[in-house]
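Colleague: As input, take structure_3.cif (mmCIF, N, CA and C atoms and all ligand atoms):
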data_entry
loop_
_atom_site.label_atom_id
_atom_site.label_comp_id
_atom_site.auth_asym_id
_atom_site.auth_seq_id
_atom_site.Cartn_x
_atom_site.Cartn_y
_atom_site.Cartn_z
N MET A 15 -20.52 -10.69 -26.42
CA MET A 15 -21.94 -10.82 -26.74
C MET A 15 -22.26 -10.06 -28.02
N THR A 16 -23.37 -10.40 -28.58
CA THR A 16 -23.75 -9.78 -29.85
C THR A 16 -25.07 -9.04 -29.69
N ALA A 17 -25.36 -8.19 -30.65
CA ALA A 17 -26.61 -7.43 -30.61
C ALA A 17 -27.82 -8.36 -30.69
N GLU A 18 -27.65 -9.50 -31.37
CA GLU A 18 -28.77 -10.44 -31.49
C GLU A 18 -29.20 -10.99 -30.13
N GLU A 19 -28.21 -11.23 -29.26
CA GLU A 19 -28.53 -11.80 -27.96
C GLU A 19 -29.19 -10.76 -27.03
N TYR A 20 -28.88 -9.51 -27.26
CA TYR A 20 -29.40 -8.43 -26.40
C TYR A 20 -30.09 -7.39 -27.27
N PRO A 21 -31.23 -7.72 -27.79
CA PRO A 21 -31.89 -6.83 -28.76
C PRO A 21 -32.26 -5.47 -28.17
N ASP A 22 -32.35 -5.37 -26.85
CA ASP A 22 -32.73 -4.08 -26.26
C ASP A 22 -31.57 -3.10 -26.15
N LEU A 23 -30.36 -3.61 -26.31
CA LEU A 23 -29.20 -2.73 -26.16
C LEU A 23 -28.78 -2.21 -27.52
N THR A 24 -28.33 -0.97 -27.55
CA THR A 24 -27.74 -0.46 -28.78
C THR A 24 -26.31 -0.98 -28.87
N THR A 25 -25.73 -0.91 -30.02
CA THR A 25 -24.34 -1.36 -30.19
C THR A 25 -23.42 -0.60 -29.24
N GLU A 26 -23.70 0.69 -29.07
CA GLU A 26 -22.84 1.50 -28.23
C GLU A 26 -22.83 0.99 -26.78
N GLU A 27 -24.00 0.63 -26.28
CA GLU A 27 -24.06 0.12 -24.91
C GLU A 27 -23.27 -1.17 -24.77
N ILE A 28 -23.30 -1.98 -25.80
CA ILE A 28 -22.58 -3.25 -25.73
C ILE A 28 -21.07 -3.02 -25.70
N VAL A 29 -20.57 -2.12 -26.55
CA VAL A 29 -19.11 -1.96 -26.62
C VAL A 29 -18.55 -1.19 -25.43
N THR A 30 -19.38 -0.52 -24.66
CA THR A 30 -18.83 0.21 -23.51
C THR A 30 -18.88 -0.63 -22.22
N THR A 31 -19.11 -1.93 -22.38
CA THR A 31 -19.01 -2.82 -21.23
C THR A 31 -17.63 -2.65 -20.59
N PRO A 32 -17.57 -2.51 -19.28
CA PRO A 32 -16.26 -2.29 -18.64
C PRO A 32 -15.28 -3.43 -18.92
N THR A 33 -14.05 -3.08 -19.10
CA THR A 33 -13.00 -4.08 -19.29
C THR A 33 -11.94 -3.87 -18.22
N ALA A 34 -11.08 -4.83 -18.09
CA ALA A 34 -10.01 -4.72 -17.09
C ALA A 34 -9.16 -3.48 -17.35
N GLU A 35 -9.10 -3.07 -18.61
CA GLU A 35 -8.21 -1.98 -18.98
C GLU A 35 -8.63 -0.64 -18.34
N ASN A 36 -9.94 -0.43 -18.20
CA ASN A 36 -10.32 0.87 -17.65
C ASN A 36 -10.63 0.81 -16.15
N GLU A 37 -10.31 -0.33 -15.54
CA GLU A 37 -10.38 -0.36 -14.07
C GLU A 37 -9.13 0.29 -13.52
N LYS A 38 -9.27 0.91 -12.35
CA LYS A 38 -8.11 1.59 -11.79
C LYS A 38 -7.08 0.58 -11.30
N PRO A 39 -5.83 0.74 -11.74
CA PRO A 39 -4.80 -0.22 -11.32
C PRO A 39 -4.42 -0.06 -9.84
N GLU A 40 -4.56 1.13 -9.32
CA GLU A 40 -4.18 1.34 -7.92
C GLU A 40 -5.31 0.87 -7.02
N PHE A 41 -4.97 0.03 -6.06
CA PHE A 41 -6.02 -0.39 -5.16
C PHE A 41 -6.27 0.72 -4.14
N ALA A 42 -7.50 0.87 -3.76
CA ALA A 42 -7.86 1.91 -2.80
C ALA A 42 -7.27 1.58 -1.44
N LEU A 43 -7.05 2.59 -0.67
CA LEU A 43 -6.58 2.36 0.69
C LEU A 43 -7.74 1.77 1.47
N LYS A 44 -7.53 0.59 1.99
CA LYS A 44 -8.60 0.01 2.79
C LYS A 44 -8.08 -0.17 4.20
N ASN A 45 -8.42 0.73 5.03
CA ASN A 45 -7.99 0.64 6.42
C ASN A 45 -9.14 0.12 7.26
N THR A 46 -8.88 -0.97 7.95
CA THR A 46 -9.87 -1.54 8.85
C THR A 46 -9.24 -1.59 10.23
N SER A 47 -9.93 -2.18 11.19
CA SER A 47 -9.38 -2.24 12.53
C SER A 47 -8.12 -3.09 12.59
N SER A 48 -7.94 -4.01 11.64
CA SER A 48 -6.76 -4.87 11.70
C SER A 48 -5.86 -4.76 10.47
N PHE A 49 -6.15 -3.81 9.61
CA PHE A 49 -5.35 -3.63 8.38
C PHE A 49 -5.10 -2.15 8.20
N HIS A 50 -3.83 -1.79 8.09
CA HIS A 50 -3.47 -0.38 8.05
C HIS A 50 -2.55 -0.14 6.86
N THR A 51 -2.75 0.95 6.19
CA THR A 51 -1.90 1.29 5.05
C THR A 51 -1.09 2.54 5.38
N ILE A 52 0.20 2.47 5.13
CA ILE A 52 1.07 3.63 5.28
C ILE A 52 1.62 3.96 3.91
N GLU A 53 1.41 5.18 3.48
CA GLU A 53 1.93 5.61 2.20
C GLU A 53 3.32 6.22 2.40
N ILE A 54 4.21 5.91 1.48
CA ILE A 54 5.52 6.55 1.48
C ILE A 54 5.46 7.59 0.37
N LYS A 55 5.46 8.85 0.79
CA LYS A 55 5.13 9.92 -0.14
C LYS A 55 5.91 11.16 0.25
N GLU A 56 6.50 11.82 -0.74
CA GLU A 56 7.26 13.05 -0.49
C GLU A 56 8.32 12.83 0.59
N MET A 57 8.99 11.68 0.52
CA MET A 57 10.08 11.35 1.44
C MET A 57 9.61 11.23 2.90
N LYS A 58 8.38 10.81 3.06
CA LYS A 58 7.85 10.64 4.42
C LYS A 58 6.98 9.39 4.48
N PHE A 59 6.95 8.79 5.67
CA PHE A 59 5.96 7.75 5.93
C PHE A 59 4.69 8.46 6.41
N GLN A 60 3.58 8.17 5.77
CA GLN A 60 2.33 8.88 6.10
C GLN A 60 1.23 7.87 6.42
N PRO A 61 0.77 7.73 7.66
CA PRO A 61 1.24 8.49 8.82
C PRO A 61 2.58 7.94 9.33
N ASP A 62 3.34 8.79 10.01
CA ASP A 62 4.64 8.33 10.51
C ASP A 62 4.52 7.65 11.87
N GLN A 63 3.41 7.84 12.54
CA GLN A 63 3.16 7.10 13.78
C GLN A 63 1.84 6.39 13.64
N LEU A 64 1.83 5.10 13.96
CA LEU A 64 0.60 4.33 13.82
C LEU A 64 0.39 3.48 15.07
N LYS A 65 -0.77 3.65 15.67
CA LYS A 65 -1.15 2.80 16.80
C LYS A 65 -1.96 1.63 16.27
N LEU A 66 -1.64 0.45 16.73
CA LEU A 66 -2.31 -0.73 16.22
C LEU A 66 -2.34 -1.81 17.29
N HIS A 67 -2.99 -2.90 16.96
CA HIS A 67 -3.08 -4.02 17.88
C HIS A 67 -2.17 -5.14 17.43
N LYS A 68 -1.70 -5.91 18.38
CA LYS A 68 -0.83 -7.04 18.09
C LYS A 68 -1.51 -7.95 17.07
N GLY A 69 -0.77 -8.32 16.02
CA GLY A 69 -1.33 -9.19 14.99
C GLY A 69 -1.93 -8.46 13.81
N ASP A 70 -2.00 -7.14 13.89
CA ASP A 70 -2.51 -6.36 12.77
C ASP A 70 -1.53 -6.41 11.59
N THR A 71 -2.07 -6.20 10.41
CA THR A 71 -1.24 -6.16 9.21
C THR A 71 -1.04 -4.71 8.79
N VAL A 72 0.18 -4.38 8.45
CA VAL A 72 0.49 -3.05 7.93
C VAL A 72 1.02 -3.20 6.51
N LEU A 73 0.49 -2.40 5.61
CA LEU A 73 0.94 -2.40 4.22
C LEU A 73 1.57 -1.04 3.93
N TRP A 74 2.80 -1.06 3.46
CA TRP A 74 3.45 0.18 3.04
C TRP A 74 3.42 0.23 1.51
N ILE A 75 3.11 1.38 0.97
CA ILE A 75 3.09 1.57 -0.48
C ILE A 75 4.01 2.74 -0.83
N ASN A 76 4.91 2.51 -1.77
CA ASN A 76 5.78 3.61 -2.20
C ASN A 76 5.11 4.43 -3.30
N ARG A 77 4.72 5.65 -2.97
CA ARG A 77 4.09 6.55 -3.95
C ARG A 77 5.09 7.52 -4.56
N ASP A 78 6.34 7.45 -4.13
CA ASP A 78 7.37 8.34 -4.68
C ASP A 78 7.98 7.72 -5.94
N ILE A 79 8.63 8.56 -6.74
CA ILE A 79 9.38 8.02 -7.87
C ILE A 79 10.74 7.50 -7.41
N THR A 80 11.10 7.84 -6.19
CA THR A 80 12.38 7.42 -5.58
C THR A 80 12.20 6.06 -4.91
N ASP A 81 13.24 5.24 -4.92
CA ASP A 81 13.20 3.98 -4.18
C ASP A 81 13.28 4.25 -2.68
N HIS A 82 12.57 3.43 -1.92
CA HIS A 82 12.64 3.50 -0.46
C HIS A 82 12.63 2.07 0.08
N ASP A 83 12.90 1.96 1.39
CA ASP A 83 12.63 0.68 2.05
C ASP A 83 12.06 0.95 3.43
N VAL A 84 11.67 -0.12 4.08
CA VAL A 84 11.09 -0.05 5.42
C VAL A 84 11.91 -1.01 6.27
N THR A 85 12.72 -0.46 7.17
CA THR A 85 13.67 -1.29 7.93
C THR A 85 13.55 -1.00 9.42
N GLU A 86 13.46 -2.05 10.20
CA GLU A 86 13.42 -1.88 11.65
C GLU A 86 14.74 -1.23 12.07
N GLN A 87 14.63 -0.23 12.93
CA GLN A 87 15.78 0.63 13.16
C GLN A 87 16.75 0.12 14.22
N THR A 88 16.24 -0.44 15.31
CA THR A 88 17.09 -0.74 16.45
C THR A 88 18.03 -1.92 16.19
N LYS A 89 17.46 -3.03 15.70
CA LYS A 89 18.28 -4.24 15.51
C LYS A 89 18.27 -4.72 14.06
N LYS A 90 17.69 -3.93 13.16
CA LYS A 90 17.48 -4.36 11.77
C LYS A 90 16.77 -5.72 11.76
N ALA A 91 15.78 -5.84 12.64
CA ALA A 91 15.10 -7.12 12.81
C ALA A 91 14.32 -7.52 11.56
N TRP A 92 13.89 -6.55 10.78
CA TRP A 92 13.16 -6.87 9.54
C TRP A 92 13.34 -5.73 8.55
N THR A 93 13.19 -6.07 7.30
CA THR A 93 13.27 -5.05 6.25
C THR A 93 12.42 -5.46 5.06
N SER A 94 11.91 -4.47 4.38
CA SER A 94 11.11 -4.73 3.18
C SER A 94 12.00 -5.03 1.98
N SER A 95 13.29 -4.71 2.08
CA SER A 95 14.16 -4.57 0.91
C SER A 95 13.65 -3.41 0.04
N LYS A 96 14.33 -3.14 -1.04
CA LYS A 96 14.05 -1.93 -1.81
C LYS A 96 12.66 -1.96 -2.45
N LEU A 97 11.92 -0.88 -2.27
CA LEU A 97 10.61 -0.73 -2.91
C LEU A 97 10.72 0.35 -3.97
N SER A 98 10.45 -0.01 -5.21
CA SER A 98 10.42 0.98 -6.28
C SER A 98 9.06 1.65 -6.32
N MET A 99 8.93 2.62 -7.16
CA MET A 99 7.66 3.34 -7.28
C MET A 99 6.52 2.35 -7.51
N GLY A 100 5.49 2.47 -6.69
CA GLY A 100 4.31 1.62 -6.86
C GLY A 100 4.39 0.29 -6.13
N ASP A 101 5.57 -0.07 -5.65
CA ASP A 101 5.71 -1.33 -4.93
C ASP A 101 5.09 -1.22 -3.54
N SER A 102 4.65 -2.35 -3.03
CA SER A 102 4.13 -2.36 -1.67
C SER A 102 4.67 -3.57 -0.93
N TRP A 103 4.60 -3.51 0.37
CA TRP A 103 5.12 -4.58 1.22
C TRP A 103 4.29 -4.60 2.48
N SER A 104 3.96 -5.78 2.93
CA SER A 104 3.14 -5.84 4.13
C SER A 104 3.78 -6.74 5.18
N LYS A 105 3.37 -6.51 6.40
CA LYS A 105 3.94 -7.25 7.53
C LYS A 105 2.90 -7.35 8.63
N VAL A 106 2.87 -8.51 9.28
CA VAL A 106 2.05 -8.66 10.49
C VAL A 106 2.88 -8.15 11.65
N VAL A 107 2.32 -7.21 12.38
CA VAL A 107 3.08 -6.54 13.44
C VAL A 107 2.72 -7.15 14.80
N THR A 108 3.74 -7.59 15.51
CA THR A 108 3.49 -8.20 16.82
C THR A 108 4.08 -7.39 17.96
N GLU A 109 4.93 -6.43 17.65
CA GLU A 109 5.47 -5.59 18.73
C GLU A 109 5.78 -4.20 18.19
N SER A 110 5.81 -3.25 19.12
CA SER A 110 6.13 -1.88 18.75
C SER A 110 7.51 -1.83 18.09
N ALA A 111 7.68 -0.88 17.20
CA ALA A 111 8.97 -0.79 16.51
C ALA A 111 9.19 0.63 16.01
N ASP A 112 10.45 1.03 16.05
CA ASP A 112 10.88 2.21 15.32
C ASP A 112 11.45 1.70 14.01
N TYR A 113 11.11 2.35 12.94
CA TYR A 113 11.66 1.92 11.65
C TYR A 113 12.09 3.15 10.87
N PHE A 114 12.86 2.90 9.83
CA PHE A 114 13.33 4.01 9.00
C PHE A 114 13.54 3.51 7.58
N CYS A 115 13.89 4.42 6.71
CA CYS A 115 14.28 4.04 5.35
C CYS A 115 15.80 4.02 5.33
N SER A 116 16.39 2.87 5.08
CA SER A 116 17.85 2.78 5.16
C SER A 116 18.52 3.51 4.00
N LEU A 117 17.73 3.88 2.98
CA LEU A 117 18.28 4.65 1.86
C LEU A 117 18.27 6.15 2.15
N HIS A 118 17.39 6.56 3.03
CA HIS A 118 17.27 7.98 3.42
C HIS A 118 17.04 7.98 4.92
N VAL A 119 18.09 7.99 5.69
CA VAL A 119 17.97 7.70 7.13
C VAL A 119 17.17 8.74 7.91
N VAL A 120 16.88 9.88 7.29
CA VAL A 120 16.03 10.85 8.00
C VAL A 120 14.56 10.47 7.95
N MET A 121 14.22 9.50 7.11
CA MET A 121 12.81 9.07 7.01
C MET A 121 12.54 8.05 8.11
N LYS A 122 11.69 8.44 9.04
CA LYS A 122 11.45 7.57 10.19
C LYS A 122 9.97 7.37 10.44
N GLY A 123 9.68 6.22 11.04
CA GLY A 123 8.29 5.92 11.40
C GLY A 123 8.26 5.10 12.67
N LYS A 124 7.08 5.01 13.24
CA LYS A 124 6.93 4.32 14.51
C LYS A 124 5.63 3.51 14.50
N LEU A 125 5.75 2.26 14.93
CA LEU A 125 4.57 1.41 15.12
C LEU A 125 4.39 1.23 16.62
N ILE A 126 3.20 1.50 17.09
CA ILE A 126 2.95 1.43 18.53
C ILE A 126 1.86 0.39 18.79
N VAL A 127 2.28 -0.77 19.29
CA VAL A 127 1.32 -1.82 19.61
C VAL A 127 0.73 -1.51 20.98
N GLN A 128 -0.58 -1.46 21.04
CA GLN A 128 -1.21 -1.13 22.32
C GLN A 128 -2.35 -2.10 22.61
CU CU B 1 13.69 6.42 1.39
#
What do you get writing this file as structure tokens?
Ligand SMILES: [Cu+2]
Modeller:
Amino acid sequence: MTAEEYPDLTTEEIVTTPTAENEKPEFALKNTSSFHTIEIKEMKFQPDQLKLHKGDTVLWINRDITDHDVTEQTKKAWTSSKLSMGDSWSKVVTESADYFCSLHVVMKGKLIVQ
């Protein structure tokens, strides 16, 4: 837009119109009754235990600079594959599960469907 079209605005007001560049690239954690976010941070799943309902969606986000994954522990029934820094992966959860990071086997988490 130009100053002619908006005579009440100063040039400065026009040029400070928000652009995609100054929007935050990280999406906020939006946890609802059916959508849950687990952060992978400091070599931990946070929270490491999550109670949820059958059919809920869980999103894991890797906040570490280290690669991680999210792998079902008992039967390797599912896995996110490798998540690099900033990557995320989501899954619809239908049953309780123990999971871990196959790259760092001490990293463990639990999904409890109730
Ligand atoms: Cu890991």
Colleague: Which residue gives the smallest distance to His82 of chain A among A:Ser48, A:Gln60, A:Ser116, A:Gln128, with only N, CA and C atoms counted?
Modeller: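 Residue with the minimum atom-to-atom distance to His82 of chain A: A:Ser116.
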Colleague: With all atoms listed in the file as the atoms that count, which of A:Lys44, A:His118, A:Lys124, A:His50 lies nearest to Asp83 of chain A?
Modeller: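 Checking each of A:Lys44, A:His118, A:Lys124, A:His50 against Asp83 of chain A, counting all atoms listed in the file, the winner is A:His118.
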Colleague: Restrict the calculation to all atoms listed in the file, then for each residue of chain A with any atom at most 8 Å from an atom of ligand CU 1 (chain B) give the closest atom pair and their distance in Å to one decimal, rows by chain and rising residue number, as a tab-separated table.
Modeller:
residue	atom	partner	partner_atom	distance
A:Met57	CA	B:CU1	CU	6.1
A:Lys58	N	B:CU1	CU	7.1
A:Thr80	C	B:CU1	CU	6.5
A:Asp81	C	B:CU1	CU	4.6
A:His82	CA	B:CU1	CU	3.6
A:Asp83	N	B:CU1	CU	4.5
A:Val84	N	B:CU1	CU	7.4
A:Phe114	C	B:CU1	CU	6.8
A:Cys115	CA	B:CU1	CU	4.7
A:Ser116	N	B:CU1	CU	5.8
A:Leu117	C	B:CU1	CU	4.7
A:His118	N	B:CU1	CU	4.0
A:Val119	N	B:CU1	CU	6.3
A:Val120	N	B:CU1	CU	7.5
A:Met121	CA	B:CU1	CU	6.3
Colleague: Out of A:Lys68, A:Lys90, A:Val127, A:Trp74, which residue has the shortest atom-to-atom distance to Lys105 of chain A when counting only N, CA and C atoms?
Modeller: A:Trp74
Colleague: Please list as a PDB file with N, CA and C atoms, in the coordinates of the input every residue within 7 Å of Leu125 of chain A, counting all atoms listed in the file and excluding residues in the same chain fewer than 4 positions away.
Modeller:
ATOM      1  N   ASP A  62       3.340   8.790  10.010  1.00  0.00           N
ATOM      2  CA  ASP A  62       4.640   8.330  10.510  1.00  0.00           C
ATOM      3  C   ASP A  62       4.520   7.650  11.870  1.00  0.00           C
ATOM      4  N   GLN A  63       3.410   7.840  12.540  1.00  0.00           N
ATOM      5  CA  GLN A  63       3.160   7.100  13.780  1.00  0.00           C
ATOM      6  C   GLN A  63       1.840   6.390  13.640  1.00  0.00           C
ATOM      7  N   LEU A  64       1.830   5.100  13.960  1.00  0.00           N
ATOM      8  CA  LEU A  64       0.600   4.330  13.820  1.00  0.00           C
ATOM      9  C   LEU A  64       0.390   3.480  15.070  1.00  0.00           C
ATOM     10  N   LYS A  65      -0.770   3.650  15.670  1.00  0.00           N
ATOM     11  CA  LYS A  65      -1.150   2.800  16.800  1.00  0.00           C
ATOM     12  C   LYS A  65      -1.960   1.630  16.270  1.00  0.00           C
ATOM     13  N   LEU A  66      -1.640   0.450  16.730  1.00  0.00           N
ATOM     14  CA  LEU A  66      -2.310  -0.730  16.220  1.00  0.00           C
ATOM     15  C   LEU A  66      -2.340  -1.810  17.290  1.00  0.00           C
ATOM     16  N   GLU A 109       4.930  -6.430  17.650  1.00  0.00           N
ATOM     17  CA  GLU A 109       5.470  -5.590  18.730  1.00  0.00           C
ATOM     18  C   GLU A 109       5.780  -4.200  18.190  1.00  0.00           C
ATOM     19  N   SER A 110       5.810  -3.250  19.120  1.00  0.00           N
ATOM     20  CA  SER A 110       6.130  -1.880  18.750  1.00  0.00           C
ATOM     21  C   SER A 110       7.510  -1.830  18.090  1.00  0.00           C
ATOM     22  N   ALA A 111       7.680  -0.880  17.200  1.00  0.00           N
ATOM     23  CA  ALA A 111       8.970  -0.790  16.510  1.00  0.00           C
ATOM     24  C   ALA A 111       9.190   0.630  16.010  1.00  0.00           C
ATOM     25  N   ASP A 112      10.450   1.030  16.050  1.00  0.00           N
ATOM     26  CA  ASP A 112      10.880   2.210  15.320  1.00  0.00           C
ATOM     27  C   ASP A 112      11.450   1.700  14.010  1.00  0.00           C
ATOM     28  N   TYR A 113      11.110   2.350  12.940  1.00  0.00           N
ATOM     29  CA  TYR A 113      11.660   1.920  11.650  1.00  0.00           C
ATOM     30  C   TYR A 113      12.090   3.150  10.870  1.00  0.00           C
TER      31      TYR A 113
END
Colleague: Fewer than 6 positions away in the same chain doesn't count, so skip those; otherwise give me all residues within 6.5 Å of Arg77 of chain A, counting only N, CA and C atoms, as a compact mmCIF listing (two decimals) with N, CA and C atoms, keeping the file's coordinate frame.
Modeller:
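Output below, filename out.txt:
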# COMPACT_ATOMS: atom_id res chain seq x y z
N GLU A 53 1.41 5.18 3.48
CA GLU A 53 1.93 5.61 2.20
C GLU A 53 3.32 6.22 2.40
N ILE A 54 4.21 5.91 1.48
CA ILE A 54 5.52 6.55 1.48
C ILE A 54 5.46 7.59 0.37
N LYS A 55 5.46 8.85 0.79
CA LYS A 55 5.13 9.92 -0.14
C LYS A 55 5.91 11.16 0.25
N GLU A 56 6.50 11.82 -0.74
CA GLU A 56 7.26 13.05 -0.49
C GLU A 56 8.32 12.83 0.59
N MET A 99 8.93 2.62 -7.16
CA MET A 99 7.66 3.34 -7.28
C MET A 99 6.52 2.35 -7.51
N GLY A 100 5.49 2.47 -6.69
CA GLY A 100 4.31 1.62 -6.86
C GLY A 100 4.39 0.29 -6.13
N ASP A 101 5.57 -0.07 -5.65
CA ASP A 101 5.71 -1.33 -4.93
C ASP A 101 5.09 -1.22 -3.54
Colleague: Can you work out the spacing between atom CA of Ser98 of chain A and atom CA of Ile75 of chain A in Å, to one decimal?
Modeller: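 Atom CA of Ile75 of chain A lies 9.4 Å from atom CA of Ser98 of chain A.
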Colleague: To one decimal place in Å, what is the distance between atom C of Asp78 of chain A and atom C of Ser104 of chain A?
Modeller: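 The value is 18.7 Å.
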Colleague: Can you tell me how far atom C of Ala91 of chain A sits from atom C of Phe49 of chain A, in Å to one decimal?
Modeller: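 For atom C of Ala91 of chain A relative to atom C of Phe49 of chain A, the distance reads 20.4 Å.
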Colleague: Neighbours of Phe59 of chain A within 7 Å (only C-alpha atoms; same-chain residues fewer than 6 positions away dropped), as a ChimeraX atom specification?
Modeller: /A:52-53,122-123
